[in-house]
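See below for the structure under consideration.
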Amino acid sequence: MAQSDTKIAEKIEVLWHYCAGFAQSTSLLNKIGYGFLLLSLLDLITLLTPPHFMNPVWEFQTFGAIVERAAVLLLGFALVFFGEGDVRSKLELPLLRVLSWLVLIVAVLFFLMIPLGVFNSFRIDRQNKQQITAQIERGKTQVQDIQKQLAGITTQEQMEAFLNNLSRTGRSPEIGDTQQLEKVKEELASSLAQGEKNISTQAKEMQASQRLELLKTSVKWNLGALISGVFLLVIWQGSRWTRR
(Lines give C-alpha, C1' and ligand atoms only; values in the text may rest on other atoms or scores of the structure.)
Protein backbone atom coordinates (compact mmCIF):
# COMPACT_ATOMS: atom_id res chain seq x y z
CA MET A 1 0.00 0.00 0.00
CA ALA A 2 2.79 2.39 0.89
CA GLN A 3 4.48 1.83 -2.45
CA SER A 4 1.19 2.33 -4.28
CA ASP A 5 0.52 5.56 -2.40
CA THR A 6 4.01 6.78 -3.30
CA LYS A 7 3.39 6.18 -7.00
CA ILE A 8 0.07 7.99 -6.83
CA ALA A 9 1.72 10.90 -5.04
CA GLU A 10 4.45 11.05 -7.71
CA LYS A 11 1.86 11.07 -10.49
CA ILE A 12 -0.09 13.82 -8.76
CA GLU A 13 3.08 15.86 -8.39
CA VAL A 14 3.91 15.40 -12.09
CA LEU A 15 0.36 16.38 -13.02
CA TRP A 16 0.54 19.40 -10.75
CA HIS A 17 3.80 20.57 -12.33
CA TYR A 18 2.28 20.06 -15.76
CA CYS A 19 -0.81 22.08 -14.87
CA ALA A 20 1.30 24.83 -13.32
CA GLY A 21 3.51 24.99 -16.41
CA PHE A 22 0.47 25.02 -18.69
CA ALA A 23 -1.14 27.81 -16.68
CA GLN A 24 2.06 29.85 -16.85
CA SER A 25 2.33 29.31 -20.60
CA THR A 26 -1.34 30.22 -21.04
CA SER A 27 -0.83 33.48 -19.13
CA LEU A 28 2.17 34.31 -21.33
CA LEU A 29 0.18 33.64 -24.52
CA ASN A 30 -2.67 35.82 -23.24
CA LYS A 31 -0.25 38.70 -22.69
CA ILE A 32 1.21 38.25 -26.17
CA GLY A 33 -2.35 38.37 -27.52
CA TYR A 34 -2.97 41.71 -25.81
CA GLY A 35 0.27 42.94 -27.37
CA PHE A 36 -0.89 41.93 -30.85
CA LEU A 37 -4.20 43.73 -30.30
CA LEU A 38 -2.38 46.91 -29.28
CA LEU A 39 -0.17 46.69 -32.36
CA SER A 40 -3.28 46.27 -34.52
CA LEU A 41 -4.83 49.33 -32.89
CA LEU A 42 -1.71 51.42 -33.57
CA ASP A 43 -1.71 50.24 -37.19
CA LEU A 44 -5.37 51.18 -37.57
CA ILE A 45 -4.80 54.68 -36.14
CA THR A 46 -1.86 55.19 -38.50
CA LEU A 47 -3.85 54.00 -41.53
CA LEU A 48 -6.81 56.26 -40.78
CA THR A 49 -4.70 59.37 -40.11
CA PRO A 50 -5.28 61.67 -41.87
CA PRO A 51 -8.64 60.46 -43.24
CA HIS A 52 -9.62 61.06 -46.87
CA PHE A 53 -13.14 59.69 -46.94
CA MET A 54 -14.99 59.82 -50.29
CA ASN A 55 -11.63 59.41 -52.03
CA PRO A 56 -11.96 55.98 -53.72
CA VAL A 57 -8.21 55.41 -54.03
CA TRP A 58 -7.56 56.18 -50.34
CA GLU A 59 -10.54 54.12 -49.20
CA PHE A 60 -9.53 51.16 -51.38
CA GLN A 61 -5.87 51.23 -50.31
CA THR A 62 -6.81 51.63 -46.64
CA PHE A 63 -9.25 48.74 -46.94
CA GLY A 64 -6.49 46.61 -48.45
CA ALA A 65 -3.97 47.60 -45.78
CA ILE A 66 -6.44 46.61 -43.04
CA VAL A 67 -7.08 43.24 -44.68
CA GLU A 68 -3.34 42.64 -45.11
CA ARG A 69 -2.91 43.13 -41.34
CA ALA A 70 -5.91 41.00 -40.36
CA ALA A 71 -3.72 38.01 -39.49
CA VAL A 72 -2.18 39.89 -36.57
CA LEU A 73 -5.64 40.86 -35.33
CA LEU A 74 -6.93 37.28 -35.58
CA LEU A 75 -3.89 35.92 -33.78
CA GLY A 76 -4.25 38.56 -31.08
CA PHE A 77 -7.89 37.69 -30.36
CA ALA A 78 -7.17 33.95 -30.46
CA LEU A 79 -4.32 34.26 -27.94
CA VAL A 80 -6.30 36.55 -25.63
CA PHE A 81 -9.10 34.00 -25.31
CA PHE A 82 -6.76 31.00 -25.16
CA GLY A 83 -7.19 28.92 -22.01
CA GLU A 84 -10.70 30.27 -21.38
CA GLY A 85 -11.29 31.32 -17.78
CA ASP A 86 -8.38 29.54 -16.18
CA VAL A 87 -5.85 31.67 -14.32
CA ARG A 88 -7.76 34.90 -14.96
CA SER A 89 -8.01 37.79 -12.56
CA LYS A 90 -11.42 39.14 -11.58
CA LEU A 91 -10.62 42.44 -13.32
CA GLU A 92 -9.77 40.68 -16.57
CA LEU A 93 -13.09 38.87 -17.01
CA PRO A 94 -15.18 42.05 -17.73
CA LEU A 95 -12.50 43.12 -20.23
CA LEU A 96 -12.72 39.75 -21.97
CA ARG A 97 -16.50 40.09 -22.18
CA VAL A 98 -16.08 43.46 -23.90
CA LEU A 99 -13.43 42.05 -26.24
CA SER A 100 -15.72 39.16 -27.13
CA TRP A 101 -18.44 41.55 -28.32
CA LEU A 102 -15.76 43.64 -30.02
CA VAL A 103 -14.81 40.57 -32.07
CA LEU A 104 -18.38 40.38 -33.37
CA ILE A 105 -18.39 44.10 -34.22
CA VAL A 106 -15.08 43.80 -36.09
CA ALA A 107 -16.38 40.75 -37.98
CA VAL A 108 -19.44 42.72 -39.11
CA LEU A 109 -17.19 45.61 -40.19
CA PHE A 110 -15.09 43.26 -42.30
CA PHE A 111 -18.24 41.97 -44.00
CA LEU A 112 -19.45 45.54 -44.60
CA MET A 113 -16.11 46.51 -46.15
CA ILE A 114 -16.60 43.96 -48.94
CA PRO A 115 -19.33 45.88 -50.87
CA LEU A 116 -17.39 49.11 -50.23
CA GLY A 117 -14.28 47.50 -51.73
CA VAL A 118 -16.22 46.33 -54.79
CA PHE A 119 -17.83 49.76 -55.24
CA ASN A 120 -14.47 51.55 -54.97
CA SER A 121 -12.97 49.12 -57.49
CA PHE A 122 -15.53 50.27 -60.07
CA ARG A 123 -14.92 53.93 -59.16
CA ILE A 124 -11.15 53.56 -59.54
CA ASP A 125 -11.58 51.73 -62.86
CA ARG A 126 -13.78 54.57 -64.09
CA GLN A 127 -11.21 57.15 -62.96
CA ASN A 128 -8.39 55.28 -64.70
CA LYS A 129 -10.44 55.14 -67.87
CA GLN A 130 -11.12 58.88 -67.73
CA GLN A 131 -7.43 59.65 -67.17
CA ILE A 132 -6.35 57.46 -70.07
CA THR A 133 -9.02 58.98 -72.31
CA ALA A 134 -7.76 62.46 -71.40
CA GLN A 135 -4.18 61.38 -72.22
CA ILE A 136 -5.32 60.04 -75.59
CA GLU A 137 -7.09 63.30 -76.39
CA ARG A 138 -4.04 65.36 -75.43
CA GLY A 139 -1.77 63.15 -77.52
CA LYS A 140 -4.06 63.28 -80.54
CA THR A 141 -4.42 67.04 -80.22
CA GLN A 142 -0.64 67.44 -80.23
CA VAL A 143 -0.29 65.22 -83.28
CA GLN A 144 -3.07 67.07 -85.10
CA ASP A 145 -1.41 70.42 -84.35
CA ILE A 146 1.84 69.13 -85.80
CA GLN A 147 -0.02 67.80 -88.85
CA LYS A 148 -1.57 71.22 -89.42
CA GLN A 149 1.83 72.88 -89.17
CA LEU A 150 3.25 70.34 -91.60
CA ALA A 151 0.43 70.90 -94.09
CA GLY A 152 1.13 74.65 -94.09
CA ILE A 153 4.80 74.25 -95.02
CA THR A 154 5.56 75.37 -98.58
CA THR A 155 9.26 76.31 -98.57
CA GLN A 156 12.53 74.59 -97.74
CA GLU A 157 13.29 77.15 -95.02
CA GLN A 158 9.97 76.47 -93.29
CA MET A 159 10.60 72.73 -93.39
CA GLU A 160 14.11 73.11 -91.95
CA ALA A 161 12.74 75.31 -89.14
CA PHE A 162 9.93 72.82 -88.53
CA LEU A 163 12.35 69.89 -88.34
CA ASN A 164 14.64 71.93 -86.11
CA ASN A 165 11.76 72.45 -83.64
CA LEU A 166 10.94 68.72 -83.66
CA SER A 167 14.54 67.60 -83.31
CA ARG A 168 15.77 67.03 -79.74
CA THR A 169 19.35 67.74 -80.76
CA GLY A 170 18.50 71.09 -82.30
CA ARG A 171 19.85 69.93 -85.67
CA SER A 172 17.84 69.18 -88.80
CA PRO A 173 18.78 67.85 -92.23
CA GLU A 174 19.07 70.36 -95.03
CA ILE A 175 16.38 70.25 -97.73
CA GLY A 176 18.07 70.26 -101.14
CA ASP A 177 15.13 70.82 -103.51
CA THR A 178 11.35 70.81 -103.84
CA GLN A 179 11.24 67.09 -104.59
CA GLN A 180 13.09 66.30 -101.39
CA LEU A 181 10.76 68.69 -99.54
CA GLU A 182 7.69 66.78 -100.68
CA LYS A 183 9.30 63.44 -99.82
CA VAL A 184 10.09 64.59 -96.29
CA LYS A 185 6.54 65.89 -95.87
CA GLU A 186 5.09 62.56 -96.98
CA GLU A 187 7.34 60.62 -94.62
CA LEU A 188 6.49 62.90 -91.72
CA ALA A 189 2.77 62.75 -92.46
CA SER A 190 2.90 58.94 -92.55
CA SER A 191 4.91 58.85 -89.32
CA LEU A 192 2.45 61.20 -87.58
CA ALA A 193 -0.53 59.12 -88.71
CA GLN A 194 1.13 55.96 -87.39
CA GLY A 195 1.97 57.76 -84.14
CA GLU A 196 -1.67 58.75 -83.72
CA LYS A 197 -2.70 55.09 -84.07
CA ASN A 198 0.00 54.01 -81.61
CA ILE A 199 -1.35 56.41 -79.01
CA SER A 200 -4.73 54.68 -79.03
CA THR A 201 -3.19 51.19 -79.07
CA GLN A 202 -0.83 51.87 -76.18
CA ALA A 203 -3.60 53.53 -74.18
CA LYS A 204 -5.87 50.48 -74.61
CA GLU A 205 -3.05 48.16 -73.52
CA MET A 206 -2.40 50.33 -70.47
CA GLN A 207 -6.09 50.37 -69.58
CA ALA A 208 -6.34 46.58 -69.89
CA SER A 209 -3.23 46.12 -67.72
CA GLN A 210 -4.54 48.49 -65.04
CA ARG A 211 -7.96 46.83 -65.07
CA LEU A 212 -6.46 43.35 -64.68
CA GLU A 213 -4.22 44.46 -61.80
CA LEU A 214 -7.15 46.21 -60.11
CA LEU A 215 -9.32 43.11 -60.52
CA LYS A 216 -6.67 40.83 -59.01
CA THR A 217 -6.12 43.16 -56.07
CA SER A 218 -9.84 43.63 -55.50
CA VAL A 219 -10.52 39.87 -55.51
CA LYS A 220 -7.61 39.24 -53.14
CA TRP A 221 -8.64 41.91 -50.63
CA ASN A 222 -12.37 41.15 -50.75
CA LEU A 223 -11.77 37.44 -50.25
CA GLY A 224 -9.35 38.31 -47.46
CA ALA A 225 -12.04 40.41 -45.77
CA LEU A 226 -14.55 37.56 -46.12
CA ILE A 227 -12.15 34.98 -44.67
CA SER A 228 -11.17 37.33 -41.83
CA GLY A 229 -14.83 37.97 -41.01
CA VAL A 230 -15.60 34.25 -40.92
CA PHE A 231 -12.68 33.47 -38.60
CA LEU A 232 -13.65 36.37 -36.34
CA LEU A 233 -17.11 34.82 -36.03
CA VAL A 234 -15.46 31.52 -35.11
CA ILE A 235 -13.45 33.28 -32.40
CA TRP A 236 -16.61 35.02 -31.18
CA GLN A 237 -18.37 31.68 -30.91
CA GLY A 238 -15.37 30.19 -29.13
CA SER A 239 -15.32 33.04 -26.60
CA ARG A 240 -18.94 32.54 -25.52
CA TRP A 241 -17.68 31.47 -22.10
CA THR A 242 -16.90 35.15 -21.41
CA ARG A 243 -20.54 36.10 -21.99
CA ARG A 244 -22.09 33.62 -19.54
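In the C-alpha coordinates, chains take letters A, B, ... by order of appearance, with residues numbered from 1 within each chain and ligands from 1 in the order shown.
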
>> Can you pull out the residues contacting stretch 27-37 of chain A? Cut-off 12 Å, using only C-alpha atoms, and skip same-chain residues under 4 positions away; I want them as a ChimeraX atom specification.
In response: /A:20-23,41-44,69-89,92,95-96,99,102-103

>> Report as a list in words all protein, DNA and RNA residues lying within 8 Å of A:Ala189, evaluated on only C-alpha atoms, omitting residues in the same chain fewer than 4 positions from it.
In response: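 Listed by chain and then number, they are Gln147, Leu150, Lys185 and Ala193 of chain A.
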
> Nearest to A:Ala134 among A:Ala107, A:Ala65, A:Leu192, A:Ile199, with distances taken over only C-alpha atoms: which residue is it?
Replying inline: A:Ile199

Identify, on the basis of only C-alpha atoms, every residue whose closest approach to A:Lys204 does not exceed 10 Å; exclude the query and any residue fewer than 5 positions from it along the same chain; express the result as a CSV table (one decimal) with all heavy atoms, in the first residue's frame.
chain,number,residue,atom,x,y,z
A,129,LYS,N,-10.0,55.0,-66.5
A,129,LYS,CA,-10.4,55.1,-67.9
A,129,LYS,C,-10.5,56.6,-68.3
A,129,LYS,O,-10.1,57.0,-69.4
A,129,LYS,CB,-11.8,54.5,-68.0
A,129,LYS,CG,-12.3,54.5,-69.5
A,129,LYS,CD,-13.7,53.7,-69.6
A,129,LYS,CE,-14.2,53.7,-71.0
A,129,LYS,NZ,-15.5,53.0,-71.1
A,132,ILE,N,-6.9,58.0,-68.8
A,132,ILE,CA,-6.3,57.5,-70.1
A,132,ILE,C,-7.0,58.1,-71.3
A,132,ILE,O,-6.3,58.5,-72.2
A,132,ILE,CB,-6.5,55.9,-70.2
A,132,ILE,CG1,-5.6,55.3,-69.1
A,132,ILE,CG2,-6.1,55.4,-71.5
A,132,ILE,CD1,-5.7,53.8,-69.0
A,133,THR,N,-8.3,58.3,-71.2
A,133,THR,CA,-9.0,59.0,-72.3
A,133,THR,C,-8.5,60.4,-72.5
A,133,THR,O,-8.3,60.9,-73.6
A,133,THR,CB,-10.5,59.0,-72.0
A,133,THR,OG1,-11.0,57.7,-71.9
A,133,THR,CG2,-11.3,59.7,-73.2
A,136,ILE,N,-5.2,60.3,-74.1
A,136,ILE,CA,-5.3,60.0,-75.6
A,136,ILE,C,-5.7,61.3,-76.3
A,136,ILE,O,-5.1,61.6,-77.4
A,136,ILE,CB,-6.4,58.9,-75.8
A,136,ILE,CG1,-5.9,57.6,-75.3
A,136,ILE,CG2,-6.7,58.8,-77.3
A,136,ILE,CD1,-7.0,56.5,-75.4
A,198,ASN,N,-0.7,54.6,-82.7
A,198,ASN,CA,0.0,54.0,-81.6
A,198,ASN,C,-0.5,54.5,-80.3
A,198,ASN,O,-0.5,53.8,-79.3
A,198,ASN,CB,1.5,54.2,-81.8
A,198,ASN,CG,2.1,53.5,-82.9
A,198,ASN,OD1,1.5,52.5,-83.4
A,198,ASN,ND2,3.2,53.9,-83.4
A,199,ILE,N,-0.9,55.8,-80.3
A,199,ILE,CA,-1.4,56.4,-79.0
A,199,ILE,C,-2.6,55.7,-78.5
A,199,ILE,O,-2.7,55.3,-77.3
A,199,ILE,CB,-1.7,57.9,-79.2
A,199,ILE,CG1,-0.4,58.7,-79.4
A,199,ILE,CG2,-2.5,58.5,-78.0
A,199,ILE,CD1,-0.6,60.2,-79.8
A,209,SER,N,-4.2,46.5,-68.8
A,209,SER,CA,-3.2,46.1,-67.7
A,209,SER,C,-3.7,46.6,-66.4
A,209,SER,O,-3.6,45.9,-65.4
A,209,SER,CB,-1.8,46.6,-68.1
A,209,SER,OG,-0.9,46.3,-67.0
A,210,GLN,N,-4.1,47.9,-66.3
A,210,GLN,CA,-4.5,48.5,-65.0
A,210,GLN,C,-5.8,47.8,-64.5
A,210,GLN,O,-5.9,47.5,-63.3
A,210,GLN,CB,-4.8,50.0,-65.2
A,210,GLN,CG,-3.5,50.8,-65.4
A,210,GLN,CD,-3.9,52.3,-65.5
A,210,GLN,OE1,-5.0,52.7,-65.8
A,210,GLN,NE2,-2.9,53.2,-65.4

>> Can you measure atom CA of A:Trp101 to atom CA of A:Arg243 for me? One decimal in Å is fine.
In response: 8.6 Å
